[in-house]
Every structure is written in structure tokens, then in C-alpha cells.
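Undergrad: One file: model30.pdb (PDB, C-alpha atoms and all ligand atoms).
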```pdb
MODEL        1
ATOM      1  CA  MET A 293     -20.623  14.563 -21.980
ATOM      2  CA  PRO A 294     -22.187  11.496 -20.259
ATOM      3  CA  ASP A 295     -19.932   8.712 -18.927
ATOM      4  CA  GLU A 296     -19.186   5.988 -21.481
ATOM      5  CA  TYR A 297     -20.495   3.188 -19.245
ATOM      6  CA  VAL A 298     -23.499   2.883 -16.939
ATOM      7  CA  LEU A 299     -24.211   0.318 -14.265
ATOM      8  CA  LEU A 300     -27.501  -1.596 -14.311
ATOM      9  CA  LEU A 301     -28.221  -2.863 -10.823
ATOM     10  CA  SER A 302     -30.817  -5.179  -9.334
ATOM     11  CA  ASN A 303     -30.563  -7.410  -6.289
ATOM     12  CA  GLU A 304     -29.629 -10.434  -8.420
ATOM     13  CA  HIS A 305     -27.947  -8.842 -11.426
ATOM     14  CA  ARG A 306     -25.245  -6.339 -12.237
ATOM     15  CA  PHE A 307     -24.328  -5.274 -15.749
ATOM     16  CA  VAL A 308     -21.812  -2.684 -16.864
ATOM     17  CA  ALA A 309     -23.247  -1.386 -20.134
ATOM     18  CA  LYS A 310     -21.673   0.765 -22.815
ATOM     19  CA  ARG A 311     -23.991   3.503 -24.072
ATOM     20  CA  GLY A 312     -26.275   2.045 -26.771
ATOM     21  CA  THR A 313     -28.409  -1.081 -26.829
ATOM     22  CA  ILE A 314     -27.096  -4.032 -24.853
ATOM     23  CA  ASN A 315     -28.252  -7.628 -24.828
ATOM     24  CA  THR A 316     -28.244  -9.366 -21.478
ATOM     25  CA  HIS A 317     -29.477 -12.848 -20.657
ATOM     26  CA  VAL A 318     -32.584 -11.270 -19.096
ATOM     27  CA  GLY A 319     -33.386  -9.202 -22.205
ATOM     28  CA  SER A 320     -32.126  -6.270 -24.262
ATOM     29  CA  VAL A 321     -32.156  -2.684 -23.089
ATOM     30  CA  ASP A 322     -31.284   0.716 -24.580
ATOM     31  CA  VAL A 323     -29.107   2.825 -22.288
ATOM     32  CA  SER A 324     -28.108   5.493 -24.829
ATOM     33  CA  ASP A 325     -29.736   8.326 -22.892
ATOM     34  CA  ALA A 326     -30.049   6.716 -19.456
ATOM     35  CA  SER A 327     -29.310   8.944 -16.462
ATOM     36  CA  TYR A 328     -28.225   7.891 -12.984
ATOM     37  CA  GLY A 329     -31.321   7.130 -10.917
ATOM     38  CA  ASP A 330     -33.452   6.057 -13.890
ATOM     39  CA  VAL A 331     -35.360   2.805 -13.582
ATOM     40  CA  ILE A 332     -35.175   0.567 -16.674
ATOM     41  CA  ARG A 333     -36.802  -2.768 -17.474
ATOM     42  CA  ALA A 334     -35.173  -5.630 -19.361
ATOM     43  CA  GLY A 335     -37.384  -8.696 -19.665
ATOM     44  CA  ASP A 336     -38.853  -9.299 -16.202
ATOM     45  CA  VAL A 337     -36.075  -7.498 -14.339
ATOM     46  CA  THR A 338     -36.132  -3.906 -13.109
ATOM     47  CA  PHE A 339     -32.752  -2.166 -12.950
ATOM     48  CA  LEU A 340     -31.605   0.998 -11.257
ATOM     49  CA  VAL A 341     -29.137   2.958 -13.405
ATOM     50  CA  ALA A 342     -26.029   3.999 -11.436
ATOM     51  CA  ARG A 343     -22.476   5.149 -12.076
ATOM     52  CA  PRO A 344     -20.083   2.161 -12.190
ATOM     53  CA  THR A 345     -17.316   2.213  -9.590
ATOM     54  CA  PHE A 346     -13.739   1.254 -10.435
ATOM     55  CA  THR A 347     -14.440  -2.215  -8.989
ATOM     56  CA  ASP A 348     -17.538  -2.646 -11.181
ATOM     57  CA  LEU A 349     -15.462  -1.801 -14.250
ATOM     58  CA  LEU A 350     -12.491  -3.970 -13.226
ATOM     59  CA  GLN A 351     -14.673  -7.003 -12.707
ATOM     60  CA  THR A 352     -15.920  -6.781 -16.280
ATOM     61  CA  CYS A 353     -12.406  -6.503 -17.745
ATOM     62  CA  ARG A 354     -11.072  -9.280 -19.931
ATOM     63  CA  ARG A 355      -8.871 -11.858 -18.187
ATOM     64  CA  ALA A 356      -5.894 -13.132 -20.137
ATOM     65  CA  ALA A 357      -3.902 -14.724 -17.317
ATOM     66  CA  GLN A 358      -4.417 -15.545 -13.650
ATOM     67  CA  VAL A 359      -5.105 -12.164 -12.003
ATOM     68  CA  VAL A 360      -4.122 -10.777  -8.614
ATOM     69  CA  THR A 361      -7.385 -10.763  -6.662
ATOM     70  CA  LEU A 362      -8.737  -7.709  -4.885
ATOM     71  CA  LYS A 363      -8.096  -9.277  -1.464
ATOM     72  CA  ASP A 364      -4.376  -9.349  -2.294
ATOM     73  CA  ALA A 365      -4.330  -5.987  -4.091
ATOM     74  CA  VAL A 366      -5.872  -4.225  -1.094
ATOM     75  CA  GLN A 367      -3.211  -5.789   1.107
ATOM     76  CA  ILE A 368      -0.544  -4.139  -1.044
ATOM     77  CA  ALA A 369      -2.331  -0.814  -0.553
ATOM     78  CA  ALA A 370      -2.681  -1.364   3.195
ATOM     79  CA  VAL A 371       0.965  -2.272   3.769
ATOM     80  CA  THR A 372       2.620   0.275   1.460
ATOM     81  CA  GLY A 373       0.160   3.162   1.798
ATOM     82  CA  VAL A 374       0.252   3.674  -1.985
ATOM     83  CA  GLY A 375      -1.688   6.772  -2.947
ATOM     84  CA  ARG A 376      -2.091   9.819  -5.121
ATOM     85  CA  GLY A 377       0.979  10.864  -7.092
ATOM     86  CA  TRP A 378       3.112   7.732  -6.577
ATOM     87  CA  ARG A 379       5.465   6.524  -9.313
ATOM     88  CA  CYS A 380       5.095   2.782  -9.830
ATOM     89  CA  VAL A 381       6.279  -0.055 -12.071
ATOM     90  CA  ASP A 382       4.486  -3.410 -12.443
ATOM     91  CA  GLY A 383       5.382  -6.648 -14.203
ATOM     92  CA  GLY A 384       4.183  -8.851 -15.795
ATOM     93  CA  SER A 385       0.960  -7.161 -16.677
ATOM     94  CA  GLY A 386      -1.020 -10.335 -17.422
ATOM     95  CA  SER A 387      -4.528  -8.898 -17.690
ATOM     96  CA  GLY A 388      -3.460  -5.678 -15.990
ATOM     97  CA  PHE A 389      -5.652  -6.152 -12.925
ATOM     98  CA  LEU A 390      -2.975  -5.301 -10.367
ATOM     99  CA  ALA A 391      -1.620  -2.427 -12.491
ATOM    100  CA  LEU A 392      -5.155  -1.023 -12.809
ATOM    101  CA  PHE A 393      -5.793  -1.315  -9.089
ATOM    102  CA  ILE A 394      -2.559   0.529  -8.318
ATOM    103  CA  GLY A 395      -3.409   3.046 -11.062
ATOM    104  CA  HIS A 396      -6.748   3.725  -9.401
ATOM    105  CA  MET A 397      -4.906   4.374  -6.120
ATOM    106  CA  VAL A 398      -2.304   6.769  -7.573
ATOM    107  CA  ALA A 399      -4.644   8.735  -9.906
ATOM    108  CA  PRO A 400      -4.907  11.441 -11.028
ATOM    109  CA  ASN A 401      -1.260  12.559 -10.997
ATOM    110  CA  GLY A 402       0.620   9.287 -10.330
ATOM    111  CA  THR A 403       1.856   6.756 -12.886
ATOM    112  CA  VAL A 404       2.031   2.996 -13.272
ATOM    113  CA  VAL A 405       4.192   1.587 -16.050
ATOM    114  CA  THR A 406       3.347  -2.077 -16.572
ATOM    115  CA  TYR A 407       5.431  -4.513 -18.663
ATOM    116  CA  GLU A 408       4.149  -7.579 -20.491
ATOM    117  CA  ARG A 409       6.195  -9.708 -22.858
ATOM    118  CA  ARG A 410       3.281 -11.462 -24.604
ATOM    119  CA  GLU A 411       1.836  -9.347 -27.380
ATOM    120  CA  ASP A 412      -1.709 -10.755 -27.062
ATOM    121  CA  PHE A 413      -1.773 -10.079 -23.301
ATOM    122  CA  HIS A 414      -0.328  -6.602 -23.859
ATOM    123  CA  ALA A 415      -3.262  -5.868 -26.214
ATOM    124  CA  THR A 416      -5.718  -7.072 -23.565
ATOM    125  CA  VAL A 417      -4.128  -4.771 -20.986
ATOM    126  CA  GLN A 418      -4.484  -1.791 -23.309
ATOM    127  CA  ARG A 419      -8.188  -2.570 -23.749
ATOM    128  CA  ASN A 420      -8.657  -2.958 -19.990
ATOM    129  CA  ILE A 421      -6.925   0.376 -19.293
ATOM    130  CA  GLN A 422      -9.426   2.090 -21.599
ATOM    131  CA  ARG A 423     -12.361   0.318 -20.017
ATOM    132  CA  CYS A 424     -11.346   1.612 -16.580
ATOM    133  CA  GLY A 425     -10.689   5.115 -17.933
ATOM    134  CA  LEU A 426      -7.074   5.081 -16.669
ATOM    135  CA  GLU A 427      -5.306   6.028 -19.941
ATOM    136  CA  ASP A 428      -3.667   9.049 -18.282
ATOM    137  CA  VAL A 429      -2.269   7.002 -15.401
ATOM    138  CA  VAL A 430      -1.421   3.438 -16.501
ATOM    139  CA  VAL A 431       1.065   2.966 -19.348
ATOM    140  CA  ALA A 432       1.293  -0.528 -20.862
ATOM    141  CA  LYS A 433       4.663  -1.414 -22.371
ATOM    142  CA  HIS A 434       5.263  -4.481 -24.507
ATOM    143  CA  GLY A 435       8.560  -5.918 -23.296
ATOM    144  CA  ASP A 436      10.515  -7.691 -20.614
ATOM    145  CA  ILE A 437      10.246  -6.286 -17.097
ATOM    146  CA  ALA A 438      13.931  -7.177 -16.684
ATOM    147  CA  SER A 439      14.835  -4.190 -18.873
ATOM    148  CA  PHE A 440      12.740  -1.493 -17.173
ATOM    149  CA  GLU A 441      14.527   1.880 -16.953
ATOM    150  CA  GLU A 442      12.214   3.901 -14.694
ATOM    151  CA  ARG A 443      13.883   5.288 -11.559
ATOM    152  CA  ASP A 444      13.079   6.920  -8.271
ATOM    153  CA  LEU A 445      10.105   4.630  -7.834
ATOM    154  CA  ASP A 446       7.764   4.594  -4.861
ATOM    155  CA  LEU A 447       6.472   1.084  -5.558
ATOM    156  CA  VAL A 448       7.365  -1.858  -7.790
ATOM    157  CA  THR A 449       5.008  -4.839  -7.981
ATOM    158  CA  LEU A 450       6.165  -8.156  -9.466
ATOM    159  CA  ASP A 451       3.999 -11.127 -10.440
ATOM    160  CA  VAL A 452       6.333 -13.190 -12.637
ATOM    161  CA  ARG A 453       8.237 -16.433 -12.364
ATOM    162  CA  GLY A 454      11.861 -15.775 -11.501
ATOM    163  CA  ALA A 455      11.034 -12.546  -9.636
ATOM    164  CA  GLU A 456      14.118 -13.193  -7.479
ATOM    165  CA  ASN A 457      16.270 -12.323 -10.508
ATOM    166  CA  LEU A 458      14.760  -8.809 -10.616
ATOM    167  CA  VAL A 459      15.110  -7.931  -6.965
ATOM    168  CA  ALA A 460      18.588  -6.334  -7.225
ATOM    169  CA  ARG A 461      17.685  -4.149 -10.221
ATOM    170  CA  VAL A 462      14.492  -2.972  -8.517
ATOM    171  CA  HIS A 463      16.425  -2.046  -5.359
ATOM    172  CA  ARG A 464      18.714   0.329  -7.285
ATOM    173  CA  ARG A 465      15.695   2.082  -8.801
ATOM    174  CA  LEU A 466      13.607   2.626  -5.691
ATOM    175  CA  ALA A 467      13.227   6.065  -4.129
ATOM    176  CA  PRO A 468      14.405   6.267  -0.507
ATOM    177  CA  GLY A 469      11.822   4.326   1.491
ATOM    178  CA  GLY A 470      10.315   2.929  -1.743
ATOM    179  CA  TRP A 471       8.623  -0.459  -1.732
ATOM    180  CA  LEU A 472       8.931  -3.747  -3.571
ATOM    181  CA  ALA A 473       5.887  -6.050  -3.363
ATOM    182  CA  VAL A 474       6.216  -9.534  -4.863
ATOM    183  CA  TYR A 475       3.293 -11.885  -5.428
ATOM    184  CA  SER A 476       4.311 -15.561  -5.386
ATOM    185  CA  PRO A 477       1.755 -18.360  -5.865
ATOM    186  CA  GLN A 478       4.155 -21.050  -4.539
ATOM    187  CA  ILE A 479       6.103 -21.004  -1.277
ATOM    188  CA  GLU A 480       9.329 -22.066  -3.060
ATOM    189  CA  GLN A 481       9.113 -18.878  -5.168
ATOM    190  CA  GLN A 482       8.489 -16.797  -2.054
ATOM    191  CA  ILE A 483      11.533 -18.264  -0.297
ATOM    192  CA  ALA A 484      13.768 -17.521  -3.292
ATOM    193  CA  VAL A 485      12.509 -13.921  -3.414
ATOM    194  CA  ARG A 486      12.851 -13.330   0.292
ATOM    195  CA  GLU A 487      16.375 -14.739   0.515
ATOM    196  CA  THR A 488      17.466 -12.530  -2.377
ATOM    197  CA  MET A 489      15.847  -9.465  -0.821
ATOM    198  CA  GLU A 490      17.723 -10.123   2.421
ATOM    199  CA  ARG A 491      21.029 -10.487   0.536
ATOM    200  CA  GLU A 492      20.422  -7.300  -1.474
ATOM    201  CA  GLY A 493      19.900  -5.167   1.620
ATOM    202  CA  TYR A 494      16.150  -4.545   1.614
ATOM    203  CA  GLY A 495      14.769  -3.548   4.993
ATOM    204  CA  ARG A 496      11.531  -4.221   6.867
ATOM    205  CA  ILE A 497      10.890  -7.425   4.923
ATOM    206  CA  VAL A 498       7.590  -9.125   5.659
ATOM    207  CA  THR A 499       5.706 -12.014   4.048
ATOM    208  CA  MET A 500       1.988 -12.563   4.414
ATOM    209  CA  GLU A 501      -0.967 -14.459   3.063
ATOM    210  CA  THR A 502      -4.500 -13.040   3.109
ATOM    211  CA  LEU A 503      -7.464 -15.323   3.726
ATOM    212  CA  ARG A 504     -10.984 -14.143   3.071
ATOM    213  CA  ARG A 505     -14.037 -16.106   4.162
ATOM    214  CA  THR A 506     -17.549 -15.110   3.138
ATOM    215  CA  TRP A 507     -20.516 -16.011   5.337
ATOM    216  CA  GLN A 508     -23.979 -16.992   4.175
ATOM    217  CA  SER A 509     -27.241 -16.239   5.898
ATOM    218  CA  ARG A 510     -30.293 -18.188   4.744
ATOM    219  CA  GLY A 511     -33.582 -18.883   6.457
ATOM    220  CA  GLY A 512     -32.235 -17.821   9.826
ATOM    221  CA  TYR A 513     -29.115 -20.049   9.606
ATOM    222  CA  THR A 514     -25.776 -18.320   9.370
ATOM    223  CA  ARG A 515     -22.355 -19.866   8.780
ATOM    224  CA  PRO A 516     -19.235 -19.566   6.603
ATOM    225  CA  VAL A 517     -19.755 -20.685   3.006
ATOM    226  CA  THR A 518     -18.338 -24.161   2.424
ATOM    227  CA  LYS A 519     -16.620 -23.388  -0.884
ATOM    228  CA  GLY A 520     -14.567 -20.446  -2.008
ATOM    229  CA  LEU A 521     -11.234 -19.056  -2.998
ATOM    230  CA  LEU A 522      -8.734 -20.353  -0.451
ATOM    231  CA  HIS A 523      -5.084 -19.985  -1.395
ATOM    232  CA  THR A 524      -4.115 -17.410  -4.022
ATOM    233  CA  GLY A 525      -0.540 -16.312  -3.304
ATOM    234  CA  PHE A 526       2.028 -15.038  -0.827
ATOM    235  CA  LEU A 527       2.973 -11.378  -0.696
ATOM    236  CA  THR A 528       6.505 -10.375   0.244
ATOM    237  CA  PHE A 529       7.263  -6.723   0.951
ATOM    238  CA  GLY A 530      10.529  -4.882   1.478
ATOM    239  CA  ARG A 531      11.716  -1.265   1.477
ATOM    240  CA  ARG A 532      14.810   0.582   0.466
ATOM    241  CA  VAL A 533      16.314   1.641   3.776
ATOM    242  CA  THR A 534      19.887   2.414   2.685
ATOM    243  CA  ALA A 535      21.684   4.898   0.446
ATOM    244  CA  ILE A 536      22.536   3.293  -2.901
ATOM    245  CA  GLN A 537      25.515   4.057  -5.092
ATOM    246  CA  GLU A 538      25.525   2.750  -8.666
TER     247      GLU A 538
HETATM  248  C1  LIG B   1       0.240 -14.157 -13.462
HETATM  249  S1  LIG B   1       0.358 -13.061 -14.777
HETATM  250  C2  LIG B   1       0.250 -11.469 -14.037
HETATM  251  C3  LIG B   1      -1.159 -11.088 -13.674
HETATM  252  C4  LIG B   1      -1.309  -9.636 -13.254
HETATM  253  N1  LIG B   1      -0.561  -9.355 -12.030
HETATM  254  C5  LIG B   1      -2.750  -9.260 -13.069
HETATM  255  O1  LIG B   1      -3.162  -8.933 -11.926
HETATM  256  O2  LIG B   1      -3.521  -9.270 -14.050
HETATM  257  C6  LIG B   1       2.050 -13.097 -15.197
HETATM  258  C7  LIG B   1       2.339 -12.402 -16.527
HETATM  259  O3  LIG B   1       3.697 -12.076 -16.581
HETATM  260  C8  LIG B   1       4.131 -12.202 -17.916
HETATM  261  N2  LIG B   1       5.589 -12.317 -17.829
HETATM  262  C9  LIG B   1       6.317 -13.353 -17.363
HETATM  263  N3  LIG B   1       7.633 -13.046 -17.343
HETATM  264  C10 LIG B   1       7.733 -11.767 -17.813
HETATM  265  C11 LIG B   1       8.820 -10.866 -18.028
HETATM  266  N4  LIG B   1      10.071 -11.238 -17.744
HETATM  267  N5  LIG B   1       8.569  -9.627 -18.521
HETATM  268  C12 LIG B   1       7.291  -9.251 -18.806
HETATM  269  N6  LIG B   1       6.209 -10.053 -18.629
HETATM  270  C13 LIG B   1       6.432 -11.301 -18.128
HETATM  271  C14 LIG B   1       3.396 -13.423 -18.416
HETATM  272  O4  LIG B   1       3.305 -13.432 -19.816
HETATM  273  C15 LIG B   1       2.039 -13.247 -17.730
HETATM  274  O5  LIG B   1       1.160 -12.549 -18.561
ENDMDL
END
```
Show me the file's structure as C-alpha cells.

TA:
Amino acid sequence: MPDEYVLLLSNEHRFVAKRGTINTHVGSVDVSDASYGDVIRAGDVTFLVARPTFTDLLQTCRRAAQVVTLKDAVQIAAVTGVGRGWRCVDGGSGSGFLALFIGHMVAPNGTVVTYERREDFHATVQRNIQRCGLEDVVVAKHGDIASFEERDLDLVTLDVRGAENLVARVHRRLAPGGWLAVYSPQIEQQIAVRETMEREGYGRIVTMETLRRTWQSRGGYTRPVTKGLLHTGFLTFGRRVTAIQE
């Protein structure tokens, strides 16, 4: 059974195409029977057919709300060490980008349960889970993250206003050594989260911001690009370092 999507690659263009005929702005092309390594023409452009990576698929997913960017998602992976088999909870789902990234890290035998209270966004997340082929790993629930019941969690990620109000509940549901990672666009939100984490007994608390700068090289002149994504958000991490009695 061939993969559902193929990647059409040229130096200037990249399309993730579902099997069948697709219309691109350079022309239409039939990829029903395309195999990896085939060369296909659409209009004036020649494409190499390849297998889409998780990142190729994610970048074509529908965006319902402001998403956590890959530069921040990889920081969560780097700090926590999230990997195969982890049990995770995420909220709010938004477009599901962070939940999908974590799902990709914990597959094939881990789980991510992601909560979204808006029905339209929840539907978008379900579509995006299918697009990335993570149906067996990422579970989208329609509801308030404040009522999550999962326990013994290795990682909880929060990207909601008022995250400080969830910090205590998360702490009681973390596995020993488990992580909370909170994404806060504004510094006032970060301060509220961090102060609550300190009060609730989290250990090894750290806050960071990740800056990424792309460089351009044209005609023998090389320098950082003048425009780009500057601030996205602050990440605050903490771990359960104590025994907890409910
Ligand atoms: C900034 S978006 C999250 C984006 C997501 N991290 C991503 O990478 O795609 C925040 C989302 O949280 C949802 N939300 C806010 N408060 C919530 C709550 N208490 N429970 C569940 N979802 C909530 C909002 O509807 C919104 O879709």
C-alpha cells in the first residue's frame, strides 16, 4: 500500500500532494502512481518525487490559532529529552502543532492527549492528526484542559492564558521526575507561571527564550537576513522532584 502523500521537490518549490491529480500554481500533475525517485513535470517545473518527512507534513497542516514554532518545540525536546513511549498531555491544542511535534517524538508507543475547548479548533486538530499519520499516538479531546484526568505523566505542555491556574493540578499528576513545560507569549504570563511553580514545589525551574537568525548568501555577499521571526514566546520548565500525597 503506497503512502497517502508524496512530496514534490524542486529547488524553488515544495508541495505535499495527496495521491491523485493536484493543481499547483505551476501547473497540474497526476501523482496517483508516482514512486519515490520519479521525476515529474508540472508546467515548466521539474519535480523529484520523495517521501514527505514529518516536518513537510506539519508545515502543510491547517492553522487555526497561533502555533508553537519548531524552534520552540525543539527546545522542549532538548530540555526534557522527550522520546519514545512517553505519556504526555497538552493544552490548549490550537492547531495541534505542538501536540503533533511531541507525538512524533513519542511514537510509536507513547501517547499525547491534547485538550481544546473550541469545537472548530478541535475539528482542525483532528484533521491535522490524520494528515501527519499520528492517529495511534495523538488523541484530541474536546474540553477544558483544567479537567484533565490523566496521571503518571512524563510531560505536560501548556499554551493557554491562565496557565498558572493549572500548575498545581499538573504537579499532582506528574510521574516522578516528570516535566511541565509552559509556553508564554508575554513576560507577565511567564512571571505568574514561574512564581506559582516555585510555590507548588516544582524543582529545577528554568525559563528561556530561543532566538533563531537565518543568514542569506547572494552574489558573494553573506549576512543575517534583515527581517524574520524575532520574539515568539518564553518557555518555562520545571520537574516533579518530591513525593506527592493527594
Ligand atoms: C495559542 S493556541 C495553542 C496553539 C498550540 N500550542 C499549537 O502549537 O498549535 C491556544 C489554544 O488554547 C485554547 N484554550 C484556551 N484555554 C483553554 C482551556 N482552558 N482548555 C482548553 N483549551 C483552551 C484556545 O482556544 C486556543 O485554541

Undergrad: Could you list the residues chosen by the PyMOL selection byres (((chain A and resi 378-386) around 9) and not hetatm) in this structure as a short mmCIF file (atom, residue, chain, number, x, y, z; two decimals) with C-alpha atoms, in the frame of the given file?

TA:
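Result saved to out01.cif:
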```cif
data_model
loop_
_atom_site.label_atom_id
_atom_site.label_comp_id
_atom_site.auth_asym_id
_atom_site.auth_seq_id
_atom_site.Cartn_x
_atom_site.Cartn_y
_atom_site.Cartn_z
CA ARG A 355 -8.87 -11.86 -18.19
CA ALA A 356 -5.89 -13.13 -20.14
CA ALA A 357 -3.90 -14.72 -17.32
CA GLN A 358 -4.42 -15.54 -13.65
CA VAL A 359 -5.11 -12.16 -12.00
CA VAL A 374 0.25 3.67 -1.98
CA GLY A 375 -1.69 6.77 -2.95
CA ARG A 376 -2.09 9.82 -5.12
CA GLY A 377 0.98 10.86 -7.09
CA SER A 387 -4.53 -8.90 -17.69
CA GLY A 388 -3.46 -5.68 -15.99
CA PHE A 389 -5.65 -6.15 -12.92
CA LEU A 390 -2.98 -5.30 -10.37
CA ALA A 391 -1.62 -2.43 -12.49
CA ILE A 394 -2.56 0.53 -8.32
CA GLY A 395 -3.41 3.05 -11.06
CA MET A 397 -4.91 4.37 -6.12
CA VAL A 398 -2.30 6.77 -7.57
CA ALA A 399 -4.64 8.74 -9.91
CA ASN A 401 -1.26 12.56 -11.00
CA GLY A 402 0.62 9.29 -10.33
CA THR A 403 1.86 6.76 -12.89
CA VAL A 404 2.03 3.00 -13.27
CA VAL A 405 4.19 1.59 -16.05
CA THR A 406 3.35 -2.08 -16.57
CA TYR A 407 5.43 -4.51 -18.66
CA GLU A 408 4.15 -7.58 -20.49
CA ARG A 409 6.20 -9.71 -22.86
CA ARG A 410 3.28 -11.46 -24.60
CA PHE A 413 -1.77 -10.08 -23.30
CA HIS A 414 -0.33 -6.60 -23.86
CA THR A 416 -5.72 -7.07 -23.56
CA VAL A 417 -4.13 -4.77 -20.99
CA ALA A 432 1.29 -0.53 -20.86
CA LYS A 433 4.66 -1.41 -22.37
CA ASP A 436 10.52 -7.69 -20.61
CA ILE A 437 10.25 -6.29 -17.10
CA ALA A 438 13.93 -7.18 -16.68
CA PHE A 440 12.74 -1.49 -17.17
CA GLU A 442 12.21 3.90 -14.69
CA ARG A 443 13.88 5.29 -11.56
CA ASP A 444 13.08 6.92 -8.27
CA LEU A 445 10.10 4.63 -7.83
CA ASP A 446 7.76 4.59 -4.86
CA LEU A 447 6.47 1.08 -5.56
CA VAL A 448 7.36 -1.86 -7.79
CA THR A 449 5.01 -4.84 -7.98
CA LEU A 450 6.16 -8.16 -9.47
CA ASP A 451 4.00 -11.13 -10.44
CA VAL A 452 6.33 -13.19 -12.64
#
```

Undergrad: Output as AutoDock Vina command-line options the centre and edge lengths (Å, one decimal) of the box along x, y and z of the file that holds every listed atom of ligand LIG 1 (chain B) after adding 6 Å on each side.

TA:
```
--center_x 3.3 --center_y -11.5 --center_z -15.9 --size_x 25.6 --size_y 17.2 --size_z 19.9
```

Undergrad: Residues near A:Asp336, anyone? I mean within 12 Å using all atoms listed in the file, not counting same-chain ones fewer than 4 positions away, as a list in words.

TA: Ser302, His305, Thr316, His317, Val318, Gly319, Ser320, Val321 and Ile332 of chain A

Undergrad: Which residues would end up in the selection if the PyMOL selection byres (((chain A and resi 486-500) around 12) and not hetatm) were applied here, given that I need the answer as a tab-separated table (two decimals) with C-alpha atoms, keeping the file's coordinate frame?

TA:
```tsv
chain	number	residue	atom	x	y	z
A	364	ASP	CA	-4.38	-9.35	-2.29
A	367	GLN	CA	-3.21	-5.79	1.11
A	368	ILE	CA	-0.54	-4.14	-1.04
A	371	VAL	CA	0.96	-2.27	3.77
A	372	THR	CA	2.62	0.28	1.46
A	454	GLY	CA	11.86	-15.78	-11.50
A	455	ALA	CA	11.03	-12.55	-9.64
A	456	GLU	CA	14.12	-13.19	-7.48
A	457	ASN	CA	16.27	-12.32	-10.51
A	458	LEU	CA	14.76	-8.81	-10.62
A	459	VAL	CA	15.11	-7.93	-6.96
A	460	ALA	CA	18.59	-6.33	-7.22
A	461	ARG	CA	17.68	-4.15	-10.22
A	462	VAL	CA	14.49	-2.97	-8.52
A	463	HIS	CA	16.42	-2.05	-5.36
A	464	ARG	CA	18.71	0.33	-7.28
A	466	LEU	CA	13.61	2.63	-5.69
A	468	PRO	CA	14.40	6.27	-0.51
A	469	GLY	CA	11.82	4.33	1.49
A	470	GLY	CA	10.32	2.93	-1.74
A	471	TRP	CA	8.62	-0.46	-1.73
A	472	LEU	CA	8.93	-3.75	-3.57
A	473	ALA	CA	5.89	-6.05	-3.36
A	474	VAL	CA	6.22	-9.53	-4.86
A	475	TYR	CA	3.29	-11.88	-5.43
A	476	SER	CA	4.31	-15.56	-5.39
A	477	PRO	CA	1.76	-18.36	-5.86
A	479	ILE	CA	6.10	-21.00	-1.28
A	480	GLU	CA	9.33	-22.07	-3.06
A	481	GLN	CA	9.11	-18.88	-5.17
A	482	GLN	CA	8.49	-16.80	-2.05
A	483	ILE	CA	11.53	-18.26	-0.30
A	484	ALA	CA	13.77	-17.52	-3.29
A	485	VAL	CA	12.51	-13.92	-3.41
A	501	GLU	CA	-0.97	-14.46	3.06
A	502	THR	CA	-4.50	-13.04	3.11
A	503	LEU	CA	-7.46	-15.32	3.73
A	523	HIS	CA	-5.08	-19.98	-1.40
A	524	THR	CA	-4.12	-17.41	-4.02
A	525	GLY	CA	-0.54	-16.31	-3.30
A	526	PHE	CA	2.03	-15.04	-0.83
A	527	LEU	CA	2.97	-11.38	-0.70
A	528	THR	CA	6.50	-10.38	0.24
A	529	PHE	CA	7.26	-6.72	0.95
A	530	GLY	CA	10.53	-4.88	1.48
A	531	ARG	CA	11.72	-1.26	1.48
A	532	ARG	CA	14.81	0.58	0.47
A	533	VAL	CA	16.31	1.64	3.78
A	534	THR	CA	19.89	2.41	2.68
A	535	ALA	CA	21.68	4.90	0.45
A	536	ILE	CA	22.54	3.29	-2.90
```

Undergrad: Considering only C-alpha atoms and all ligand atoms, can you say which of A:Ser509, A:Lys363, A:Leu522, A:Glu427 comes closest to ligand LIG 1 (chain B)?

TA: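 Ranked by minimum distance to ligand LIG 1 (chain B), first place goes to A:Lys363.
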
Undergrad: Enter the distance from atom CA of A:Asp295 to atom CA of A:Arg343, in Å, rounded to one decimal.

TA: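 So the answer is 8.1 Å.
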
Undergrad: Complete stretch 438-449 of chain A with N, CA and C atoms (output as a short mmCIF file (atom, residue, chain, number, x, y, z; two decimals), keeping the file's coordinate frame).

TA:
```cif
data_model
loop_
_atom_site.label_atom_id
_atom_site.label_comp_id
_atom_site.auth_asym_id
_atom_site.auth_seq_id
_atom_site.Cartn_x
_atom_site.Cartn_y
_atom_site.Cartn_z
N ALA A 438 12.51 -7.18 -17.08
CA ALA A 438 13.93 -7.18 -16.68
C ALA A 438 14.69 -5.98 -17.24
N SER A 439 14.11 -5.31 -18.26
CA SER A 439 14.84 -4.19 -18.87
C SER A 439 14.21 -2.84 -18.51
N PHE A 440 13.39 -2.78 -17.46
CA PHE A 440 12.74 -1.49 -17.17
C PHE A 440 13.79 -0.45 -16.78
N GLU A 441 13.55 0.80 -17.17
CA GLU A 441 14.53 1.88 -16.95
C GLU A 441 14.03 2.93 -15.98
N GLU A 442 12.76 2.87 -15.57
CA GLU A 442 12.21 3.90 -14.69
C GLU A 442 12.99 3.93 -13.37
N ARG A 443 13.10 5.12 -12.79
CA ARG A 443 13.88 5.29 -11.56
C ARG A 443 13.08 6.06 -10.53
N ASP A 444 13.66 6.12 -9.35
CA ASP A 444 13.08 6.92 -8.27
C ASP A 444 11.63 6.50 -8.02
N LEU A 445 11.46 5.20 -7.90
CA LEU A 445 10.10 4.63 -7.83
C LEU A 445 9.63 4.49 -6.39
N ASP A 446 8.36 4.76 -6.19
CA ASP A 446 7.76 4.59 -4.86
C ASP A 446 7.32 3.16 -4.62
N LEU A 447 6.97 2.46 -5.71
CA LEU A 447 6.47 1.08 -5.56
C LEU A 447 6.73 0.30 -6.85
N VAL A 448 7.27 -0.91 -6.67
CA VAL A 448 7.36 -1.86 -7.79
C VAL A 448 6.62 -3.12 -7.38
N THR A 449 5.72 -3.59 -8.25
CA THR A 449 5.01 -4.84 -7.98
C THR A 449 5.43 -5.87 -9.03
#
```
